[in-house]
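One structure is given below, encoded as structure tokens.
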Amino acid sequence: MTVISRFGPVAGTLYIAFVFIQSLFFKFTGSVETTHIFGTLDAWASHAFGIEGLFLAPGPFNAYVIGSAELVASVLLLMGLIAGGLWLRLAGSLLALGIISGAIVFHLFTPLGIVVLDDGGLLFAMAVGVWVTAAALAYSSASRLGLLTRRATLQAAAA
């Protein structure tokens, strides 16, 4: 077993959990950053689609909902790390991948932009790091569970 295959999942899990958990304070307290991000997205949705309140409480994509989903993803990943559960790691990494994919799309294709409140793009860079890490963890977990090889085996048998 190589160093990367042995410690990569540990480092990846800790990175994603760190990014998600440290952001909970901001999301759950209505910080200036969170208010700016979700307010900008809500104004964009209202202007572009006529959907007001989509990103503000009690809308379906408000900071509390996103923060709660990030917490669930972190717990699944950490439980998978502690218990050695590949299914937990797969579920947590797929949830993280879904959450962070939305974040990246909103950074790139809405007025939110890559640089938020003069952060130099740090928030966006961390999102990209989470995306790459979650994708690697999902692939690794699915591969170790045999989910990727079974499909290839089934396709080969059908041919």
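Identifiers for the structure tokens are assigned positionally: chains receive A, B, ... in sequence, residues are indexed from 1 per chain, and ligands are indexed from 1 in the order shown.
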
Residues within 12 Å of A:Gly30, only C-alpha atoms, excluding chain neighbours under 6 positions, as an NGL selection string: :A and (23-24 or 36-39 or 56-57 or 62-64 or 67)

Spatial neighbours of A:Ala134, max dist 8 Å, only C-alpha atoms, sep filter under 3 positions, as JSON, numbers by chain: {"A": [12, 16, 93, 94, 96, 97, 130, 131, 137, 138]}

Store the residues picked out above in a file with all heavy atoms, as a tab-separated table (two decimals), in the first residue's frame.
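Result file selection30.tsv:
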```tsv
chain	number	residue	atom	x	y	z
A	12	GLY	N	-7.75	13.85	2.86
A	12	GLY	CA	-8.89	14.38	2.12
A	12	GLY	C	-10.12	14.57	3.00
A	12	GLY	O	-10.79	15.60	2.93
A	16	ILE	N	-11.85	18.29	3.78
A	16	ILE	CA	-13.25	18.61	3.51
A	16	ILE	C	-13.97	18.97	4.80
A	16	ILE	O	-14.70	19.96	4.87
A	16	ILE	CB	-13.96	17.45	2.78
A	16	ILE	CG1	-13.37	17.26	1.39
A	16	ILE	CG2	-15.47	17.71	2.70
A	16	ILE	CD1	-13.84	16.01	0.68
A	93	SER	N	-18.65	11.76	0.55
A	93	SER	CA	-17.93	12.42	-0.54
A	93	SER	C	-18.87	12.79	-1.69
A	93	SER	O	-18.72	13.85	-2.29
A	93	SER	CB	-16.77	11.55	-1.05
A	93	SER	OG	-17.24	10.30	-1.53
A	94	LEU	N	-19.88	11.97	-1.96
A	94	LEU	CA	-20.85	12.32	-3.00
A	94	LEU	C	-21.71	13.51	-2.58
A	94	LEU	O	-22.01	14.38	-3.40
A	94	LEU	CB	-21.73	11.11	-3.35
A	94	LEU	CG	-21.02	9.99	-4.12
A	94	LEU	CD1	-21.96	8.79	-4.27
A	94	LEU	CD2	-20.53	10.47	-5.46
A	96	ALA	N	-20.75	15.86	-0.46
A	96	ALA	CA	-19.84	17.01	-0.52
A	96	ALA	C	-19.65	17.46	-1.97
A	96	ALA	O	-19.65	18.66	-2.26
A	96	ALA	CB	-18.49	16.65	0.10
A	97	LEU	N	-19.52	16.50	-2.87
A	97	LEU	CA	-19.35	16.82	-4.29
A	97	LEU	C	-20.57	17.56	-4.83
A	97	LEU	O	-20.43	18.55	-5.58
A	97	LEU	CB	-19.11	15.54	-5.07
A	97	LEU	CG	-18.59	15.63	-6.49
A	97	LEU	CD1	-17.27	16.37	-6.55
A	97	LEU	CD2	-18.43	14.23	-7.07
A	130	VAL	N	-12.05	21.40	-2.40
A	130	VAL	CA	-13.03	20.44	-1.87
A	130	VAL	C	-13.58	19.59	-3.00
A	130	VAL	O	-13.75	18.38	-2.85
A	130	VAL	CB	-14.16	21.16	-1.09
A	130	VAL	CG1	-15.32	20.22	-0.81
A	130	VAL	CG2	-13.63	21.75	0.21
A	131	TRP	N	-13.87	20.20	-4.15
A	131	TRP	CA	-14.43	19.45	-5.28
A	131	TRP	C	-13.45	18.35	-5.74
A	131	TRP	O	-13.84	17.20	-5.90
A	131	TRP	CB	-14.74	20.38	-6.46
A	131	TRP	CG	-15.58	19.73	-7.50
A	131	TRP	CD1	-16.93	19.75	-7.61
A	131	TRP	CD2	-15.11	18.90	-8.59
A	131	TRP	NE1	-17.34	19.01	-8.69
A	131	TRP	CE2	-16.24	18.47	-9.31
A	131	TRP	CE3	-13.86	18.50	-9.01
A	131	TRP	CZ2	-16.15	17.66	-10.43
A	131	TRP	CZ3	-13.76	17.67	-10.13
A	131	TRP	CH2	-14.90	17.27	-10.83
A	137	LEU	N	-12.07	11.10	-3.43
A	137	LEU	CA	-12.57	10.19	-2.39
A	137	LEU	C	-13.73	9.34	-2.91
A	137	LEU	O	-13.81	8.15	-2.60
A	137	LEU	CB	-13.02	10.98	-1.16
A	137	LEU	CG	-11.93	11.52	-0.25
A	137	LEU	CD1	-12.53	12.39	0.85
A	137	LEU	CD2	-11.10	10.40	0.35
A	138	ALA	N	-14.62	9.94	-3.67
A	138	ALA	CA	-15.75	9.19	-4.22
A	138	ALA	C	-15.25	8.10	-5.17
A	138	ALA	O	-15.69	6.95	-5.10
A	138	ALA	CB	-16.72	10.13	-4.93
```

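Distances here use only C-alpha atoms; by that measure, the residue among A:Phe26, A:Leu112, A:Thr149, A:Phe20 closest to A:Ile99 is A:Phe20.
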
Top pick for closest residue to A:Gly8, considering A:Val75, A:Leu117, A:Thr133, A:Tyr139 and counting only C-alpha atoms: A:Thr133

Alpha helix (DSSP H) call set, DSSP backbone run, chain A, as a ChimeraX atom specification: /A:3-29,32-49,63-83,86-109,122-144,147-158
